[in-house]
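Visitor: Could you have a look at this structure, given as structure tokens, before my questions?
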Amino acid sequence: MTPVELSRTVLHAVRRAVDGGELDVTVPERAVVTEPGPGGCGDFSTTIALQLARPAGQPPRRVAEILRPHLADADGVRDVVVTGPGFLNISLDDQADVLTALVREIRSRGAEYGHGDALAGEVVALRVPYEVRAEVVADAVVRIVATQGGRATVEHGEPVNLRPVPAPEDPAPLGPDAAQWALLHPAPHDRPRITADHLVQREGNPLFRVRYAHARIRSLSRNAARLGFTAEPGPLHEPTSQVSTSQVSTSQVSTSLVSTGHEPTGQESAGQHEPTGHESAGHQPTAHGDPRFGHGAGRPYGDPLGPAADTAPAADTAPAADVDTGTDAQDVDTGTEAQEAEAQSGGAPRRTPVTTPPPPLQTPLADHPRVLALAATQRAPDRLARHLVTVADAVLPFLPCVLPRGEEKPSAAHRARLALAEAAGTVLAGGLSLLGIDAPEHL
């Protein structure tokens, strides 16, 4: 059961309570389902009882107690607990299947994931002033409203009903993508910053993080094809992972470079990291030294990609010790410890359990339909822009564990991780498209 399906299950429980005469309310159009907050329990939580308390004329906790048995009887629900003033905490039969079902839904719907019928049949008339930011926001609203089944028209003249704070200067020098982001990312009541910060390829630039995350996901998909496997939704973990007890070979270094999103050249397969055309031109950032990526010391993530006199050396001038092999020292079994482990196991390779925790991607991916509906109904593209930053920040730390490392063979877990990463890429690409911004294959 996906969060979207669970939201429908909650509404069905409300409808059953209304039909049974237990509640006298109008069934809402949607129910918000989120992860439990402090003091909560289970897999998901909903505030539907608090939402219906005033219309029902009853305390929220009483409404929650009425809804609890209807929810508990639903297929896929293991238990429902009422906490606090009336929060309904829902435990599902198999939480692992929730993420798999979510990934399958995103893969099946593709760019249309998140599209709904919140504005079905409605015509939204936008009246905007003759000002560049108002025009850009209205153009994005037209596309976003269409995702919810509505149609938006744009007119000029008074009285206006869409008037964001104007841009302080012409954003055209930033280029089409950065200009769109500079005008759409801030809330309508905030003055946009028309500065070169939107062009800097650093971690502090939200637009860069979103586009870089998409480009890295596309790179992982290409490298997975080179390794001979494709994405397949499923469990992200496997019981054990065989680790070689020999020292890292040249082929291991080459494969590790692939696992971090690099596309190896002939020199890399020979054990040398020779920058490709994109890297040498300043378009392919590396993850050296970024603690979020699980790598050791080196250049910090977000260093400028272009050459500059006052910045750190570029990737092609970095010392050999700084080359990212995709593995930390503790990930490689070498020397005495490996030999002792092999002797204790009778010569069999040591097996290390995989302990990668579930990624924090489920919540933002599952929340995408709700965010898209809010952006449409509230005429607020900035909600979608900020949501894309949340998705990018959740997926970037996950990417290094997607592909096999060292002498690992592609497994079902690798296919599942790739499917999850590609699902995030689908959301990023679709969101950027709605904002009128290019989603690059290479960056």
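By order of appearance in the structure tokens: chains A, B, ..., then residues from 1 within every chain, and ligands from 1 in the order shown.
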Please tabulate, as JSON lines, the residues of range 364-441 of chain A that come within 10 Å of range 194-215 of chain A, each with its closest pair of atoms and the distance in Å to one decimal, counting only C-alpha atoms and ordering rows by chain, then residue number upward.
Guide:
{"residue": "A:Ala385", "atom": "CA", "partner": "A:Leu207", "partner_atom": "CA", "distance": 8.9}
{"residue": "A:Arg386", "atom": "CA", "partner": "A:Pro206", "partner_atom": "CA", "distance": 8.6}
{"residue": "A:Leu388", "atom": "CA", "partner": "A:Val210", "partner_atom": "CA", "distance": 6.5}
{"residue": "A:Val389", "atom": "CA", "partner": "A:Val210", "partner_atom": "CA", "distance": 5.8}
{"residue": "A:Thr390", "atom": "CA", "partner": "A:Val210", "partner_atom": "CA", "distance": 8.8}
{"residue": "A:Val391", "atom": "CA", "partner": "A:Val210", "partner_atom": "CA", "distance": 8.0}
{"residue": "A:Ala392", "atom": "CA", "partner": "A:Val210", "partner_atom": "CA", "distance": 5.2}
{"residue": "A:Asp393", "atom": "CA", "partner": "A:Arg209", "partner_atom": "CA", "distance": 7.4}
{"residue": "A:Ala394", "atom": "CA", "partner": "A:Ala213", "partner_atom": "CA", "distance": 9.7}
{"residue": "A:Val395", "atom": "CA", "partner": "A:Ala213", "partner_atom": "CA", "distance": 7.3}
{"residue": "A:Leu396", "atom": "CA", "partner": "A:Ala213", "partner_atom": "CA", "distance": 6.1}
{"residue": "A:Pro397", "atom": "CA", "partner": "A:Ala213", "partner_atom": "CA", "distance": 9.9}
{"residue": "A:Leu399", "atom": "CA", "partner": "A:Ala213", "partner_atom": "CA", "distance": 8.9}
{"residue": "A:Ala421", "atom": "CA", "partner": "A:His214", "partner_atom": "CA", "distance": 9.3}
{"residue": "A:Glu422", "atom": "CA", "partner": "A:His214", "partner_atom": "CA", "distance": 8.8}
{"residue": "A:Ala424", "atom": "CA", "partner": "A:His214", "partner_atom": "CA", "distance": 8.1}
{"residue": "A:Gly425", "atom": "CA", "partner": "A:His214", "partner_atom": "CA", "distance": 5.3}
{"residue": "A:Thr426", "atom": "CA", "partner": "A:His214", "partner_atom": "CA", "distance": 8.4}
{"residue": "A:Val427", "atom": "CA", "partner": "A:His214", "partner_atom": "CA", "distance": 9.3}
{"residue": "A:Leu428", "atom": "CA", "partner": "A:His214", "partner_atom": "CA", "distance": 6.5}
{"residue": "A:Ala429", "atom": "CA", "partner": "A:His214", "partner_atom": "CA", "distance": 7.0}
{"residue": "A:Leu432", "atom": "CA", "partner": "A:Arg211", "partner_atom": "CA", "distance": 8.5}
{"residue": "A:Ile437", "atom": "CA", "partner": "A:Arg211", "partner_atom": "CA", "distance": 9.3}
{"residue": "A:Asp438", "atom": "CA", "partner": "A:Arg211", "partner_atom": "CA", "distance": 8.3}
{"residue": "A:Ala439", "atom": "CA", "partner": "A:Arg211", "partner_atom": "CA", "distance": 6.0}
{"residue": "A:Pro440", "atom": "CA", "partner": "A:Ala215", "partner_atom": "CA", "distance": 5.7}
{"residue": "A:Glu441", "atom": "CA", "partner": "A:Ala215", "partner_atom": "CA", "distance": 4.9}
Visitor: Go ahead and dump the residues you just picked, N, CA and C atoms, as a short mmCIF file (atom, residue, chain, number, x, y, z; two decimals), in the first residue's frame.
Guide:
data_model
loop_
_atom_site.label_atom_id
_atom_site.label_comp_id
_atom_site.auth_asym_id
_atom_site.auth_seq_id
_atom_site.Cartn_x
_atom_site.Cartn_y
_atom_site.Cartn_z
N ALA A 385 9.30 24.09 -6.36
CA ALA A 385 10.75 24.31 -6.43
C ALA A 385 11.43 23.86 -5.15
N ARG A 386 10.87 24.25 -4.02
CA ARG A 386 11.48 23.86 -2.74
C ARG A 386 11.36 22.36 -2.50
N LEU A 388 11.56 20.07 -4.81
CA LEU A 388 12.61 19.44 -5.61
C LEU A 388 13.95 19.49 -4.88
N VAL A 389 14.21 20.57 -4.17
CA VAL A 389 15.44 20.66 -3.37
C VAL A 389 15.43 19.59 -2.28
N THR A 390 14.28 19.37 -1.66
CA THR A 390 14.16 18.33 -0.63
C THR A 390 14.45 16.94 -1.21
N VAL A 391 13.90 16.66 -2.39
CA VAL A 391 14.15 15.37 -3.03
C VAL A 391 15.62 15.20 -3.37
N ALA A 392 16.22 16.24 -3.92
CA ALA A 392 17.65 16.17 -4.28
C ALA A 392 18.52 15.94 -3.06
N ASP A 393 18.24 16.66 -1.97
CA ASP A 393 19.05 16.49 -0.76
C ASP A 393 18.87 15.11 -0.14
N ALA A 394 17.72 14.47 -0.38
CA ALA A 394 17.50 13.13 0.15
C ALA A 394 18.17 12.07 -0.71
N VAL A 395 18.25 12.28 -2.03
CA VAL A 395 18.78 11.24 -2.91
C VAL A 395 20.30 11.29 -3.03
N LEU A 396 20.91 12.45 -2.91
CA LEU A 396 22.36 12.55 -3.12
C LEU A 396 23.17 11.65 -2.18
N PRO A 397 22.89 11.61 -0.88
CA PRO A 397 23.67 10.70 -0.02
C PRO A 397 23.43 9.23 -0.31
N LEU A 399 23.12 7.81 -3.39
CA LEU A 399 23.63 7.36 -4.69
C LEU A 399 24.89 6.50 -4.63
N ALA A 421 16.57 5.16 -7.12
CA ALA A 421 17.26 6.36 -7.59
C ALA A 421 16.61 6.90 -8.85
N GLU A 422 16.25 6.01 -9.78
CA GLU A 422 15.61 6.45 -11.02
C GLU A 422 14.23 7.04 -10.75
N ALA A 424 13.48 8.80 -8.09
CA ALA A 424 13.77 10.17 -7.68
C ALA A 424 14.12 11.03 -8.89
N GLY A 425 14.88 10.45 -9.83
CA GLY A 425 15.21 11.19 -11.04
C GLY A 425 13.98 11.55 -11.85
N THR A 426 13.00 10.66 -11.88
CA THR A 426 11.75 10.95 -12.59
C THR A 426 11.03 12.14 -11.97
N VAL A 427 10.98 12.17 -10.64
CA VAL A 427 10.33 13.29 -9.94
C VAL A 427 11.10 14.59 -10.20
N LEU A 428 12.42 14.54 -10.15
CA LEU A 428 13.22 15.74 -10.38
C LEU A 428 13.03 16.25 -11.81
N ALA A 429 13.08 15.35 -12.77
CA ALA A 429 12.94 15.76 -14.17
C ALA A 429 11.55 16.34 -14.43
N LEU A 432 11.27 19.85 -12.70
CA LEU A 432 12.01 20.88 -13.43
C LEU A 432 11.31 21.25 -14.72
N ILE A 437 12.51 24.46 -16.66
CA ILE A 437 13.96 24.35 -16.49
C ILE A 437 14.43 23.02 -17.05
N ASP A 438 15.57 23.03 -17.72
CA ASP A 438 16.12 21.82 -18.32
C ASP A 438 16.65 20.88 -17.25
N ALA A 439 16.40 19.57 -17.44
CA ALA A 439 16.96 18.53 -16.56
C ALA A 439 18.09 17.87 -17.32
N PRO A 440 19.36 18.19 -17.00
CA PRO A 440 20.48 17.73 -17.84
C PRO A 440 20.80 16.26 -17.67
N GLU A 441 21.22 15.64 -18.77
CA GLU A 441 21.75 14.28 -18.74
C GLU A 441 23.18 14.27 -18.22
#
Visitor: Determine, counting only C-alpha atoms, which protein, DNA and RNA residues have an atom within 10 Å of an atom of Thr2 in chain A; residues of the same chain fewer than 2 positions away are not included. Present the result as a ChimeraX atom specification.
Guide: /A:4-8,95,97-105,362,366
Visitor: Please indicate the distance in Å from CA of Pro188 in chain A to CA of Gly116 in chain A, rounded to one decimal place.
Guide: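 Separation between CA of Pro188 in chain A and CA of Gly116 in chain A: 24.1 Å.
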Visitor: Excluding Gly84 in chain A and any residue of its chain fewer than 5 positions from it, enumerate the residues within 10 Å of it, using only C-alpha atoms, and give them as an NGL selection string.
Guide: :A and (39-40 or 60-61)
Visitor: Set the distance at 12 Å and use only C-alpha atoms: which residues neighbour range 76-78 of chain A once local chain neighbours fewer than 3 positions away are removed? I'd like the list as a list in words.
Guide: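 Skipping anything fewer than 3 positions along the chain leaves Met1, Thr2, Pro3, Glu5, Leu6, Thr9, Val10, Gly42, Asp43, Phe44, Arg68, Pro69, His70, Leu71, Ala72, Asp73, Val81, Asn89, Ile90, Ser91, Leu92, Asp93, Asp94, Gln95, Asp97 and Val98 of chain A.
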Visitor: Keeping only N, CA and C atoms, write the selected residues as a PDB file, in the first residue's frame.
Guide:
ATOM      1  N   MET A   1       0.841  -1.187   0.000  1.00  0.00           N
ATOM      2  CA  MET A   1       0.000   0.000   0.000  1.00  0.00           C
ATOM      3  C   MET A   1       0.882   1.245   0.000  1.00  0.00           C
ATOM      4  N   THR A   2       0.727   2.098  -0.997  1.00  0.00           N
ATOM      5  CA  THR A   2       1.501   3.334  -1.065  1.00  0.00           C
ATOM      6  C   THR A   2       0.826   4.402  -0.203  1.00  0.00           C
ATOM      7  N   PRO A   3       1.539   5.480   0.130  1.00  0.00           N
ATOM      8  CA  PRO A   3       0.900   6.563   0.883  1.00  0.00           C
ATOM      9  C   PRO A   3      -0.331   7.127   0.185  1.00  0.00           C
ATOM     10  N   GLU A   5      -2.394   5.419  -1.730  1.00  0.00           N
ATOM     11  CA  GLU A   5      -3.460   4.442  -1.495  1.00  0.00           C
ATOM     12  C   GLU A   5      -3.943   4.497  -0.053  1.00  0.00           C
ATOM     13  N   LEU A   6      -3.026   4.724   0.894  1.00  0.00           N
ATOM     14  CA  LEU A   6      -3.422   4.829   2.290  1.00  0.00           C
ATOM     15  C   LEU A   6      -4.303   6.052   2.515  1.00  0.00           C
ATOM     16  N   THR A   9      -7.612   5.085   1.603  1.00  0.00           N
ATOM     17  CA  THR A   9      -8.163   4.196   2.624  1.00  0.00           C
ATOM     18  C   THR A   9      -8.727   5.001   3.798  1.00  0.00           C
ATOM     19  N   VAL A  10      -8.024   6.067   4.193  1.00  0.00           N
ATOM     20  CA  VAL A  10      -8.505   6.927   5.274  1.00  0.00           C
ATOM     21  C   VAL A  10      -9.833   7.577   4.881  1.00  0.00           C
ATOM     22  N   GLY A  42       3.962   3.532  14.732  1.00  0.00           N
ATOM     23  CA  GLY A  42       3.513   2.950  13.478  1.00  0.00           C
ATOM     24  C   GLY A  42       4.275   3.477  12.285  1.00  0.00           C
ATOM     25  N   ASP A  43       3.722   3.227  11.103  1.00  0.00           N
ATOM     26  CA  ASP A  43       4.365   3.585   9.842  1.00  0.00           C
ATOM     27  C   ASP A  43       3.923   4.941   9.324  1.00  0.00           C
ATOM     28  N   PHE A  44       2.656   5.290   9.527  1.00  0.00           N
ATOM     29  CA  PHE A  44       2.127   6.557   9.036  1.00  0.00           C
ATOM     30  C   PHE A  44       1.165   7.140  10.066  1.00  0.00           C
ATOM     31  N   ARG A  68     -11.125   4.723  14.091  1.00  0.00           N
ATOM     32  CA  ARG A  68     -10.109   3.698  14.293  1.00  0.00           C
ATOM     33  C   ARG A  68     -10.550   2.310  13.842  1.00  0.00           C
ATOM     34  N   PRO A  69     -11.720   1.786  14.228  1.00  0.00           N
ATOM     35  CA  PRO A  69     -12.092   0.424  13.787  1.00  0.00           C
ATOM     36  C   PRO A  69     -12.297   0.315  12.286  1.00  0.00           C
ATOM     37  N   HIS A  70     -12.772   1.389  11.651  1.00  0.00           N
ATOM     38  CA  HIS A  70     -12.950   1.351  10.198  1.00  0.00           C
ATOM     39  C   HIS A  70     -11.595   1.273   9.489  1.00  0.00           C
ATOM     40  N   LEU A  71     -10.609   1.971  10.033  1.00  0.00           N
ATOM     41  CA  LEU A  71      -9.265   1.907   9.457  1.00  0.00           C
ATOM     42  C   LEU A  71      -8.618   0.557   9.737  1.00  0.00           C
ATOM     43  N   ALA A  72      -8.804   0.045  10.953  1.00  0.00           N
ATOM     44  CA  ALA A  72      -8.164  -1.212  11.339  1.00  0.00           C
ATOM     45  C   ALA A  72      -8.666  -2.380  10.503  1.00  0.00           C
ATOM     46  N   ASP A  73      -9.895  -2.285   9.965  1.00  0.00           N
ATOM     47  CA  ASP A  73     -10.460  -3.367   9.163  1.00  0.00           C
ATOM     48  C   ASP A  73      -9.994  -3.334   7.711  1.00  0.00           C
ATOM     49  N   VAL A  81      -3.498   3.062  16.184  1.00  0.00           N
ATOM     50  CA  VAL A  81      -3.406   3.546  17.565  1.00  0.00           C
ATOM     51  C   VAL A  81      -3.707   5.035  17.578  1.00  0.00           C
ATOM     52  N   ASN A  89      -2.414   6.744  14.267  1.00  0.00           N
ATOM     53  CA  ASN A  89      -1.136   6.163  13.866  1.00  0.00           C
ATOM     54  C   ASN A  89      -1.391   4.785  13.273  1.00  0.00           C
ATOM     55  N   ILE A  90      -0.957   4.599  12.033  1.00  0.00           N
ATOM     56  CA  ILE A  90      -1.317   3.411  11.266  1.00  0.00           C
ATOM     57  C   ILE A  90      -0.084   2.556  11.037  1.00  0.00           C
ATOM     58  N   SER A  91      -0.185   1.269  11.364  1.00  0.00           N
ATOM     59  CA  SER A  91       0.874   0.293  11.078  1.00  0.00           C
ATOM     60  C   SER A  91       0.398  -0.604   9.949  1.00  0.00           C
ATOM     61  N   LEU A  92       1.252  -0.767   8.936  1.00  0.00           N
ATOM     62  CA  LEU A  92       0.893  -1.586   7.784  1.00  0.00           C
ATOM     63  C   LEU A  92       1.414  -3.005   7.948  1.00  0.00           C
ATOM     64  N   ASP A  93       0.857  -3.914   7.166  1.00  0.00           N
ATOM     65  CA  ASP A  93       1.238  -5.323   7.258  1.00  0.00           C
ATOM     66  C   ASP A  93       2.708  -5.523   6.945  1.00  0.00           C
ATOM     67  N   ASP A  94       3.203  -4.879   5.914  1.00  0.00           N
ATOM     68  CA  ASP A  94       4.592  -5.062   5.515  1.00  0.00           C
ATOM     69  C   ASP A  94       5.111  -3.732   5.010  1.00  0.00           C
ATOM     70  N   GLN A  95       5.818  -2.995   5.868  1.00  0.00           N
ATOM     71  CA  GLN A  95       6.294  -1.668   5.518  1.00  0.00           C
ATOM     72  C   GLN A  95       7.279  -1.720   4.360  1.00  0.00           C
ATOM     73  N   ASP A  97       7.082  -3.307   1.694  1.00  0.00           N
ATOM     74  CA  ASP A  97       6.379  -3.280   0.426  1.00  0.00           C
ATOM     75  C   ASP A  97       5.901  -1.884   0.058  1.00  0.00           C
ATOM     76  N   VAL A  98       5.813  -0.980   1.026  1.00  0.00           N
ATOM     77  CA  VAL A  98       5.339   0.370   0.746  1.00  0.00           C
ATOM     78  C   VAL A  98       6.289   1.075  -0.214  1.00  0.00           C
TER      79      VAL A  98
END
Visitor: Please list as a PyMOL selection string every residue within 10 Å of range 368-374 of chain A, counting only C-alpha atoms and excluding residues in the same chain fewer than 5 positions away.
Guide: chain A and resi 4+30-33+112-119+144-145+147-148+363+379-381+383-388+391+427+431
Visitor: So the first atom is CA of Arg163 in chain A and the second is CA of Val128 in chain A; what is the distance between them in Å, to one decimal place?
Guide: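 Between CA of Arg163 in chain A and CA of Val128 in chain A the gap works out to 6.2 Å.
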